[in-house]
$ cat upload39.tsv   # TSV, C-alpha atoms
chain	number	residue	atom	x	y	z
S	1408	MET	CA	59.23	-42.62	-30.33
S	1409	LYS	CA	57.69	-45.65	-32.05
S	1410	LYS	CA	54.70	-46.78	-29.99
S	1411	ILE	CA	53.10	-44.15	-27.75
S	1412	ILE	CA	50.50	-44.29	-24.98
S	1413	VAL	CA	48.72	-41.00	-24.16
S	1414	THR	CA	46.61	-40.25	-21.08
S	1415	GLY	CA	44.12	-37.38	-21.10
S	1416	ALA	CA	43.82	-37.88	-24.86
S	1417	LEU	CA	40.43	-36.14	-25.08
S	1418	GLY	CA	41.63	-32.93	-23.42
S	1419	GLN	CA	42.79	-29.65	-24.94
S	1420	ILE	CA	46.31	-30.82	-25.76
S	1421	GLY	CA	45.62	-34.52	-26.14
S	1422	SER	CA	42.86	-34.25	-28.73
S	1423	GLU	CA	45.21	-32.48	-31.15
S	1424	LEU	CA	48.46	-34.18	-30.13
S	1425	VAL	CA	47.07	-37.67	-30.81
S	1426	GLU	CA	46.21	-36.65	-34.37
S	1427	LYS	CA	49.66	-35.16	-34.92
S	1428	LEU	CA	51.43	-38.22	-33.48
S	1429	GLY	CA	49.25	-40.49	-35.61
S	1430	ASN	CA	50.24	-38.60	-38.75
S	1431	LEU	CA	53.93	-38.78	-37.83
S	1432	TYR	CA	54.24	-42.31	-36.41
S	1433	GLY	CA	51.14	-44.09	-37.71
S	1434	LYS	CA	47.67	-44.07	-36.18
S	1435	ASP	CA	47.95	-47.68	-35.02
S	1436	ASN	CA	51.09	-46.77	-33.05
S	1437	VAL	CA	49.34	-44.26	-30.77
S	1438	LEU	CA	47.13	-45.61	-27.96
S	1439	SER	CA	44.76	-42.91	-26.70
S	1440	THR	CA	43.30	-43.21	-23.20
S	1441	ASP	CA	40.91	-41.10	-21.16
S	1442	ILE	CA	38.43	-41.53	-18.33
S	1443	ARG	CA	35.48	-41.17	-20.73
S	1444	GLU	CA	34.54	-42.63	-24.10
S	1445	PRO	CA	35.24	-40.45	-27.14
S	1446	ASN	CA	32.55	-39.31	-29.57
S	1447	GLU	CA	34.96	-40.19	-32.33
S	1448	ILE	CA	38.68	-40.86	-32.53
S	1449	GLU	CA	41.03	-42.43	-35.04
S	1450	GLY	CA	43.33	-45.20	-33.88
S	1451	PRO	CA	43.19	-47.45	-30.80
S	1452	PHE	CA	41.46	-46.13	-27.66
S	1453	GLU	CA	40.95	-47.48	-24.14
S	1454	VAL	CA	39.08	-46.04	-21.16
S	1455	LEU	CA	41.56	-45.46	-18.32
S	1456	ASP	CA	41.33	-43.86	-14.90
S	1457	VAL	CA	44.91	-42.72	-14.22
S	1458	MET	CA	44.43	-43.60	-10.55
S	1459	ASP	CA	44.23	-47.25	-11.62
S	1460	SER	CA	47.93	-48.12	-11.85
S	1461	LYS	CA	47.29	-51.81	-12.54
S	1462	ARG	CA	45.15	-51.08	-15.59
S	1463	MET	CA	47.64	-48.45	-16.75
S	1464	TYR	CA	50.47	-50.99	-16.60
S	1465	GLU	CA	48.45	-53.63	-18.43
S	1466	LEU	CA	47.53	-51.29	-21.28
S	1467	ALA	CA	51.08	-50.01	-21.75
S	1468	LYS	CA	52.54	-53.53	-21.65
S	1469	GLU	CA	49.97	-55.03	-24.03
S	1470	PHE	CA	50.51	-52.17	-26.47
S	1471	GLU	CA	54.30	-52.60	-26.20
S	1472	ALA	CA	54.67	-48.84	-25.79
S	1473	ASP	CA	58.12	-47.28	-25.71
S	1474	THR	CA	56.87	-43.75	-24.94
S	1475	PHE	CA	54.45	-42.47	-22.29
S	1476	ILE	CA	52.85	-39.03	-22.70
S	1477	HIS	CA	50.94	-38.19	-19.54
S	1478	LEU	CA	48.47	-35.32	-20.03
S	1479	ALA	CA	45.64	-36.16	-17.62
S	1480	ALA	CA	45.32	-33.36	-15.05
S	1481	LEU	CA	43.00	-30.80	-13.48
S	1482	LEU	CA	43.78	-27.27	-14.72
S	1483	SER	CA	44.47	-24.16	-12.65
S	1484	ALA	CA	41.07	-22.52	-12.08
S	1485	THR	CA	39.28	-25.89	-11.75
S	1486	ALA	CA	41.90	-27.12	-9.28
S	1487	GLU	CA	41.26	-24.14	-7.01
S	1488	LYS	CA	37.62	-25.18	-6.68
S	1489	ASN	CA	38.61	-28.60	-5.33
S	1490	PRO	CA	42.28	-28.56	-4.26
S	1491	TYR	CA	42.15	-31.88	-2.39
S	1492	PHE	CA	40.84	-33.72	-5.42
S	1493	ALA	CA	43.33	-31.86	-7.63
S	1494	TRP	CA	46.27	-33.02	-5.51
S	1495	ASN	CA	45.12	-36.64	-5.55
S	1496	LEU	CA	44.45	-36.71	-9.29
S	1497	ASN	CA	47.40	-34.65	-10.49
S	1498	MET	CA	50.05	-36.21	-8.25
S	1499	GLY	CA	48.56	-39.71	-7.98
S	1500	GLY	CA	48.15	-40.00	-11.74
S	1501	LEU	CA	51.66	-38.68	-12.32
S	1502	ILE	CA	53.45	-41.10	-10.01
S	1503	ASN	CA	51.45	-43.99	-11.45
S	1504	ALA	CA	52.54	-43.00	-14.94
S	1505	LEU	CA	56.17	-42.62	-13.83
S	1506	GLU	CA	56.16	-46.01	-12.15
S	1507	VAL	CA	54.70	-47.73	-15.21
S	1508	SER	CA	57.28	-45.97	-17.39
S	1509	ARG	CA	60.08	-47.08	-15.06
S	1510	GLU	CA	58.89	-50.69	-14.98
S	1511	LEU	CA	58.57	-50.86	-18.77
S	1512	ASN	CA	61.60	-48.66	-19.51
S	1513	MET	CA	59.68	-46.06	-21.52
S	1514	GLN	CA	60.57	-42.52	-22.50
S	1515	PHE	CA	58.33	-40.14	-20.52
S	1516	PHE	CA	56.76	-36.71	-21.07
S	1517	THR	CA	54.36	-34.69	-18.96
S	1518	PRO	CA	53.72	-30.94	-19.27
S	1519	SER	CA	54.54	-28.45	-16.58
S	1520	SER	CA	53.30	-24.86	-16.71
S	1521	ILE	CA	54.05	-21.20	-16.05
S	1522	GLY	CA	51.79	-21.92	-13.08
S	1523	ALA	CA	54.88	-23.46	-11.45
S	1524	PHE	CA	56.05	-19.90	-10.81
S	1525	GLY	CA	54.69	-17.64	-8.10
S	1526	PRO	CA	54.45	-14.00	-7.01
S	1527	THR	CA	58.06	-13.93	-5.77
S	1528	THR	CA	59.41	-15.18	-9.11
S	1529	PRO	CA	60.98	-12.46	-11.32
S	1530	LYS	CA	58.06	-11.21	-13.43
S	1531	ASP	CA	59.82	-10.14	-16.63
S	1532	ASN	CA	61.96	-12.43	-18.79
S	1533	THR	CA	61.63	-15.08	-16.05
S	1534	PRO	CA	64.82	-17.21	-16.02
S	1535	GLN	CA	64.90	-20.94	-16.64
S	1536	ASP	CA	66.31	-21.54	-13.16
S	1537	THR	CA	64.69	-19.29	-10.57
S	1538	LEU	CA	62.60	-19.17	-7.41
S	1539	GLN	CA	59.41	-21.24	-7.66
S	1540	ARG	CA	56.93	-20.65	-4.84
S	1541	PRO	CA	53.44	-20.89	-6.42
S	1542	THR	CA	50.35	-19.94	-4.45
S	1543	THR	CA	47.85	-22.24	-6.22
S	1544	MET	CA	47.26	-25.97	-5.87
S	1545	TYR	CA	47.86	-26.35	-9.61
S	1546	GLY	CA	51.21	-24.59	-9.27
S	1547	VAL	CA	52.18	-26.69	-6.26
S	1548	ASN	CA	51.34	-29.81	-8.28
S	1549	LYS	CA	53.50	-28.62	-11.18
S	1550	VAL	CA	56.55	-27.83	-9.03
S	1551	ALA	CA	56.19	-31.18	-7.23
S	1552	GLY	CA	55.80	-32.85	-10.62
S	1553	GLU	CA	58.97	-31.27	-11.98
S	1554	LEU	CA	60.91	-32.45	-8.93
S	1555	LEU	CA	59.37	-35.92	-9.11
S	1556	CYS	CA	60.31	-36.31	-12.78
S	1557	ASP	CA	63.85	-35.14	-12.02
S	1558	TYR	CA	63.98	-37.70	-9.19
S	1559	TYR	CA	62.99	-40.54	-11.52
S	1560	PHE	CA	65.68	-39.42	-13.96
S	1561	THR	CA	68.49	-39.18	-11.40
S	1562	ARG	CA	67.39	-42.14	-9.24
S	1563	PHE	CA	66.28	-44.62	-11.89
S	1564	GLY	CA	67.69	-43.26	-15.16
S	1565	LEU	CA	64.16	-42.81	-16.59
S	1566	ASP	CA	64.26	-40.57	-19.67
S	1567	THR	CA	61.87	-37.88	-18.38
S	1568	ARG	CA	61.27	-34.66	-20.33
S	1569	SER	CA	58.94	-31.69	-19.87
S	1570	VAL	CA	58.16	-28.10	-20.83
S	1571	ARG	CA	56.53	-25.29	-18.89
S	1572	PHE	CA	53.65	-24.45	-21.19
S	1573	PRO	CA	52.24	-20.94	-21.24
S	1574	GLY	CA	48.55	-20.39	-21.98
S	1575	LEU	CA	47.60	-22.50	-25.00
S	1576	ILE	CA	45.22	-21.19	-27.64
S	1577	SER	CA	43.29	-23.51	-29.96
S	1578	TYR	CA	40.21	-23.50	-32.17
S	1579	VAL	CA	39.73	-27.29	-31.91
S	1580	THR	CA	38.86	-27.93	-28.25
S	1581	PRO	CA	36.77	-25.57	-26.07
S	1582	PRO	CA	38.39	-24.03	-22.95
S	1583	GLY	CA	38.82	-26.44	-20.07
S	1584	GLY	CA	39.17	-24.48	-16.83
S	1585	GLY	CA	42.47	-22.67	-17.23
S	1586	THR	CA	43.28	-19.12	-16.16
S	1587	THR	CA	44.45	-18.20	-19.66
S	1588	ASP	CA	41.26	-19.50	-21.33
S	1589	TYR	CA	40.04	-15.93	-21.95
S	1590	ALA	CA	42.45	-15.87	-24.89
S	1591	VAL	CA	40.46	-18.71	-26.47
S	1592	GLU	CA	36.98	-17.55	-25.47
S	1593	ILE	CA	37.51	-14.09	-26.92
S	1594	TYR	CA	37.78	-15.45	-30.48
S	1595	TYR	CA	34.60	-17.50	-30.16
S	1596	LYS	CA	32.65	-14.55	-28.75
S	1597	ALA	CA	34.07	-12.15	-31.34
S	1598	ILE	CA	32.63	-14.28	-34.14
S	1599	GLU	CA	29.41	-15.38	-32.43
S	1600	GLU	CA	28.40	-12.17	-30.64
S	1601	GLY	CA	30.77	-9.40	-31.69
S	1602	GLN	CA	31.67	-8.68	-28.08
S	1603	TYR	CA	33.42	-10.20	-25.08
S	1604	SER	CA	33.57	-9.58	-21.34
S	1605	SER	CA	37.06	-10.43	-20.08
S	1606	TYR	CA	37.48	-11.99	-16.65
S	1607	ILE	CA	41.15	-10.94	-16.75
S	1608	ALA	CA	41.89	-7.28	-16.10
S	1609	GLU	CA	43.34	-4.92	-18.69
S	1610	GLY	CA	47.12	-4.67	-18.44
S	1611	THR	CA	47.57	-8.26	-17.18
S	1612	PHE	CA	50.33	-9.75	-19.32
S	1613	MET	CA	50.69	-13.54	-19.60
S	1614	ASP	CA	52.70	-15.81	-21.86
S	1615	MET	CA	50.77	-17.59	-24.60
S	1616	MET	CA	51.33	-20.05	-27.45
S	1617	TYR	CA	49.27	-21.23	-30.41
S	1618	MET	CA	48.55	-24.95	-30.26
S	1619	PRO	CA	50.41	-25.95	-33.46
S	1620	ASP	CA	53.63	-24.57	-31.96
S	1621	ALA	CA	52.97	-26.35	-28.65
S	1622	LEU	CA	52.45	-29.72	-30.36
S	1623	GLN	CA	55.61	-29.32	-32.40
S	1624	ALA	CA	57.54	-28.46	-29.24
S	1625	ILE	CA	56.52	-31.78	-27.66
S	1626	VAL	CA	57.67	-33.74	-30.71
S	1627	ASP	CA	60.93	-31.78	-31.03
S	1628	LEU	CA	61.79	-32.25	-27.36
S	1629	MET	CA	61.00	-35.96	-27.38
S	1630	GLU	CA	63.11	-36.48	-30.50
S	1631	ALA	CA	66.02	-34.40	-29.16
S	1632	ASP	CA	69.45	-35.88	-28.39
S	1633	PRO	CA	69.31	-36.73	-24.65
S	1634	ALA	CA	73.01	-35.89	-24.27
S	1635	LYS	CA	72.21	-32.23	-24.99
S	1636	LEU	CA	69.44	-31.91	-22.40
S	1637	LYS	CA	70.56	-30.26	-19.18
S	1638	HIS	CA	67.24	-29.15	-17.71
S	1639	ARG	CA	64.75	-31.84	-18.75
S	1640	ASN	CA	62.04	-31.03	-16.17
S	1641	ALA	CA	61.04	-28.52	-17.26
S	1642	PHE	CA	62.00	-26.13	-20.07
S	1643	ASN	CA	60.59	-22.60	-20.25
S	1644	ILE	CA	58.89	-22.10	-23.62
S	1645	SER	CA	56.76	-19.24	-24.92
S	1646	ALA	CA	55.71	-17.68	-28.21
S	1647	MET	CA	54.23	-14.33	-27.15
S	1648	SER	CA	53.21	-12.24	-24.17
S	1649	PHE	CA	50.15	-9.97	-24.31
S	1650	GLU	CA	47.35	-8.47	-22.23
S	1651	PRO	CA	43.62	-8.48	-23.04
S	1652	SER	CA	43.42	-5.15	-24.87
S	1653	GLN	CA	46.18	-6.24	-27.25
S	1654	ILE	CA	44.38	-9.38	-28.38
S	1655	ALA	CA	41.17	-7.34	-28.69
S	1656	GLY	CA	43.06	-4.85	-30.85
S	1657	GLU	CA	44.20	-7.59	-33.21
S	1658	ILE	CA	40.65	-8.94	-33.49
S	1659	LYS	CA	39.31	-5.44	-34.29
S	1660	LYS	CA	41.58	-5.34	-37.36
S	1661	HIS	CA	39.38	-8.10	-38.80
S	1662	ILE	CA	36.09	-7.38	-37.00
S	1663	PRO	CA	36.03	-3.58	-36.64
S	1664	THR	CA	32.77	-3.57	-34.66
S	1665	PHE	CA	34.14	-5.92	-31.98
S	1666	GLU	CA	33.86	-4.56	-28.44
S	1667	MET	CA	35.42	-5.80	-25.20
S	1668	THR	CA	34.45	-5.00	-21.63
S	1669	TYR	CA	35.79	-6.27	-18.30
S	1670	ASP	CA	34.15	-8.28	-15.54
S	1671	VAL	CA	37.14	-9.44	-13.52
S	1672	ASP	CA	36.98	-12.81	-11.77
S	1673	PRO	CA	38.90	-12.39	-8.47
S	1674	ILE	CA	40.09	-16.02	-8.34
S	1675	ARG	CA	41.45	-16.21	-11.87
S	1676	GLN	CA	42.83	-12.68	-11.66
S	1677	SER	CA	44.75	-13.53	-8.48
S	1678	ILE	CA	46.19	-16.58	-10.23
S	1679	ALA	CA	47.20	-14.49	-13.24
S	1680	ASN	CA	48.81	-11.89	-10.97
S	1681	SER	CA	51.03	-14.58	-9.46
S	1682	TRP	CA	52.41	-15.65	-12.85
S	1683	PRO	CA	55.20	-14.07	-14.94
S	1684	ASN	CA	54.61	-11.35	-17.50
S	1685	SER	CA	57.07	-13.03	-19.85
S	1686	ILE	CA	59.52	-15.93	-19.64
S	1687	ASP	CA	62.96	-16.65	-21.09
S	1688	SER	CA	63.06	-19.63	-23.50
S	1689	THR	CA	66.83	-19.52	-24.10
S	1690	ALA	CA	67.58	-22.93	-22.55
S	1691	ALA	CA	65.03	-24.67	-24.79
S	1692	ILE	CA	66.40	-22.88	-27.85
S	1693	GLU	CA	69.98	-23.83	-27.06
S	1694	GLU	CA	69.44	-27.41	-25.86
S	1695	TRP	CA	66.91	-28.75	-28.39
S	1696	GLY	CA	66.24	-26.04	-30.97
S	1697	PHE	CA	62.87	-24.78	-29.73
S	1698	LYS	CA	61.19	-22.42	-32.20
S	1699	VAL	CA	57.74	-21.05	-32.99
S	1700	GLU	CA	55.89	-20.08	-36.14
S	1701	TYR	CA	53.01	-17.99	-34.77
S	1702	ASP	CA	52.94	-14.55	-33.17
S	1703	LEU	CA	49.77	-12.74	-32.03
S	1704	GLU	CA	49.03	-11.27	-35.46
S	1705	LYS	CA	49.48	-14.52	-37.40
S	1706	MET	CA	47.63	-16.55	-34.77
S	1707	THR	CA	44.63	-14.19	-34.85
S	1708	VAL	CA	44.29	-14.50	-38.62
S	1709	ASP	CA	44.37	-18.29	-38.40
S	1710	MET	CA	42.05	-18.53	-35.37
S	1711	LEU	CA	39.35	-16.37	-36.95
S	1712	GLU	CA	39.59	-18.19	-40.26
S	1713	LYS	CA	39.38	-21.66	-38.70
S	1714	LEU	CA	36.63	-20.72	-36.23
S	1715	ARG	CA	34.44	-19.23	-38.96
S	1716	VAL	CA	34.59	-22.61	-40.71
S	1717	LYS	CA	34.00	-24.54	-37.47
S	1718	LEU	CA	31.09	-22.32	-36.33
S	1719	ARG	CA	29.75	-21.94	-39.88
S	1720	MET	CA	29.66	-18.18	-39.54
$ encode --input "upload39.tsv" --output "structure tokens"
Amino acid sequence: MKKIIVTGALGQIGSELVEKLGNLYGKDNVLSTDIREPNEIEGPFEVLDVMDSKRMYELAKEFEADTFIHLAALLSATAEKNPYFAWNLNMGGLINALEVSRELNMQFFTPSSIGAFGPTTPKDNTPQDTLQRPTTMYGVNKVAGELLCDYYFTRFGLDTRSVRFPGLISYVTPPGGGTTDYAVEIYYKAIEEGQYSSYIAEGTFMDMMYMPDALQAIVDLMEADPAKLKHRNAFNISAMSFEPSQIAGEIKKHIPTFEMTYDVDPIRQSIANSWPNSIDSTAAIEEWGFKVEYDLEKMTVDMLEKLRVKLRM
């Protein structure tokens, strides 16, 4: 990667990934794009609707980008509220980005998700290659996206790469409509109010990852030797698997008075129930050296420390 264009740069992943890429490759070598203007951002920025393929092509060509990182998408819970719009945005934006990458011969990355799995997928230690029959529009989009990226690789030789992200936890950007967002909200509420009402039921295990590990995974995969990549679209990756009472227990070690109750949201709970309890990251480890630094305990210490600074509490 030398010159990189990023869509969805103001979202949960993009806002932090752009900064990391700028530090690694130079701020002037990362073109951030989003459908809205930023409050503040370092480096070049352009407003872009990913449904506008002509504008997307022009920006990438003018910037002389060699890498396309496509992050713009509607997340799981939000997509269920408007599945028609989610399909058009998620799939229309993706194929536009793939076409631009093909025409300009760019390396390409877009994230998939554990949402690509469904209730008939093996729940524990979910294999890299397994049955994928999701029951959400978001999941359908992700499976279709994996297949589409594989198609562009086999049909056109486009260097497509992807990971199936678990729930991502970050102190930088507020939650954005994902099913796993409770694992972000709980830290904010613990500091601000000393209590939290979880919309995910006790005992519901889901895979999670702290954002610094997720960002490093993108860089490591994109810099990996293509000859060693067998799966490409998309690799299982995960750092930890926990259920709500476990994260609450870790928080209580630092905030002993913290209390958690449950007010289960049927839509998000049904989505969570369709996902794996834990996934197998062996292929990513073997093919490009995937690794993580943070477990639940270490992440909790860092989240609380950083949020206290951010919230001035």
$ closest_residue --input "upload39.tsv" --among "S:Asp1459, S:Asp1632, S:Asp1566, S:Glu1609" --to "Phe1515 (chain S)" --atoms "only C-alpha atoms"
S:Asp1566
$ residues_around --input "upload39.tsv" --residues "Val1579 (chain S)" --least-positions-apart "2" --cutoff "10 Å" --atoms "all atoms listed in the file" --output "MDAnalysis selection string"
chainID S and resid 1419:1420 1422:1423 1576:1577 1581:1582 1618 1710 1713:1714 1717
$ residues_near_point --input "upload39.tsv" --point "(65.8, -41.9, -18.7)" --cutoff "10 Å" --atoms "all atoms listed in the file" --output "JSON list (two decimals) with C-alpha atoms, keeping the file's coordinate frame"
[["chain", "number", "residue", "atom", "x", "y", "z"],
["S", 1508, "SER", "CA", 57.28, -45.97, -17.39],
["S", 1509, "ARG", "CA", 60.08, -47.08, -15.06],
["S", 1512, "ASN", "CA", 61.60, -48.66, -19.51],
["S", 1513, "MET", "CA", 59.68, -46.06, -21.52],
["S", 1514, "GLN", "CA", 60.57, -42.52, -22.50],
["S", 1515, "PHE", "CA", 58.33, -40.14, -20.52],
["S", 1556, "CYS", "CA", 60.31, -36.31, -12.78],
["S", 1557, "ASP", "CA", 63.85, -35.14, -12.02],
["S", 1559, "TYR", "CA", 62.99, -40.54, -11.52],
["S", 1560, "PHE", "CA", 65.68, -39.42, -13.96],
["S", 1561, "THR", "CA", 68.49, -39.18, -11.40],
["S", 1562, "ARG", "CA", 67.39, -42.14, -9.24],
["S", 1563, "PHE", "CA", 66.28, -44.62, -11.89],
["S", 1564, "GLY", "CA", 67.69, -43.26, -15.16],
["S", 1565, "LEU", "CA", 64.16, -42.81, -16.59],
["S", 1566, "ASP", "CA", 64.26, -40.57, -19.67],
["S", 1567, "THR", "CA", 61.87, -37.88, -18.38],
["S", 1568, "ARG", "CA", 61.27, -34.66, -20.33],
["S", 1633, "PRO", "CA", 69.31, -36.73, -24.65]]
$ atom_distance --input "upload39.tsv" --atom1 "CA of Ile1476 (chain S)" --atom2 "CA of Pro1541 (chain S)"
24.4 Å
$ atom_distance --input "upload39.tsv" --atom1 "CA of Ile1674 (chain S)" --atom2 "CA of Glu1599 (chain S)"
26.4 Å
$ residues_around --input "upload39.tsv" --residues "region 1697-1707 of chain S" --least-positions-apart "2" --cutoff "9 Å" --atoms "only C-alpha atoms" --output "PyMOL selection string"
chain S and resi 1576+1594+1615-1617+1619-1621+1623-1624+1627-1628+1644-1649+1653-1654+1657-1658+1661+1688-1695+1709-1712
$ residues_near_point --input "upload39.tsv" --point "(62.3, -16.7, -7.2)" --cutoff "9 Å" --atoms "all atoms listed in the file" --output "MDAnalysis selection string"
chainID S and resid 1524:1529 1536:1540
$ atom_distance --input "upload39.tsv" --atom1 "CA of Leu1428 (chain S)" --atom2 "CA of Phe1475 (chain S)"
12.3 Å
$ closest_residue --input "upload39.tsv" --among "S:Thr1485, S:Thr1533, S:Ser1569, S:Asn1436" --to "Leu1636 (chain S)" --atoms "all atoms listed in the file"
S:Ser1569
$ residues_around --input "upload39.tsv" --residues "Asn1684 (chain S)" --least-positions-apart "5" --cutoff "6 Å" --atoms "all atoms listed in the file" --output "CSV table (one decimal) with C-alpha atoms, in the coordinates of the input"
chain,number,residue,atom,x,y,z
S,1530,LYS,CA,58.1,-11.2,-13.4
S,1531,ASP,CA,59.8,-10.1,-16.6
S,1612,PHE,CA,50.3,-9.8,-19.3
S,1613,MET,CA,50.7,-13.5,-19.6
$ closest_residue --input "upload39.tsv" --among "S:Thr1664, S:Asn1503, S:Asn1430, S:Ser1605" --to "Tyr1464 (chain S)" --atoms "only C-alpha atoms"
S:Asn1503
$ residues_around --input "upload39.tsv" --residues "Ser1519 (chain S)" --least-positions-apart "6" --cutoff "10 Å" --atoms "all atoms listed in the file" --output "VMD selection string"
chain S and resid 1478 1545 to 1546 1548 to 1553 1568 to 1573 1640 to 1643
$ write_last_selection --input "upload39.tsv" --atoms "C-alpha atoms" --output "compact mmCIF listing (two decimals), keeping the file's coordinate frame"
# COMPACT_ATOMS: atom_id res chain seq x y z
CA LEU S 1478 48.47 -35.32 -20.03
CA TYR S 1545 47.86 -26.35 -9.61
CA GLY S 1546 51.21 -24.59 -9.27
CA ASN S 1548 51.34 -29.81 -8.28
CA LYS S 1549 53.50 -28.62 -11.18
CA VAL S 1550 56.55 -27.83 -9.03
CA ALA S 1551 56.19 -31.18 -7.23
CA GLY S 1552 55.80 -32.85 -10.62
CA GLU S 1553 58.97 -31.27 -11.98
CA ARG S 1568 61.27 -34.66 -20.33
CA SER S 1569 58.94 -31.69 -19.87
CA VAL S 1570 58.16 -28.10 -20.83
CA ARG S 1571 56.53 -25.29 -18.89
CA PHE S 1572 53.65 -24.45 -21.19
CA PRO S 1573 52.24 -20.94 -21.24
CA ASN S 1640 62.04 -31.03 -16.17
CA ALA S 1641 61.04 -28.52 -17.26
CA PHE S 1642 62.00 -26.13 -20.07
CA ASN S 1643 60.59 -22.60 -20.25
$ residues_around --input "upload39.tsv" --residues "region 1440-1444 of chain S" --least-positions-apart "3" --cutoff "8 Å" --atoms "only C-alpha atoms" --output "PyMOL selection string"
chain S and resi 1412-1417+1452-1457+1479
$ closest_residue --input "upload39.tsv" --among "S:Tyr1589, S:Gly1499, S:Lys1461, S:Phe1516" --to "Met1408 (chain S)" --atoms "all atoms listed in the file"
S:Phe1516
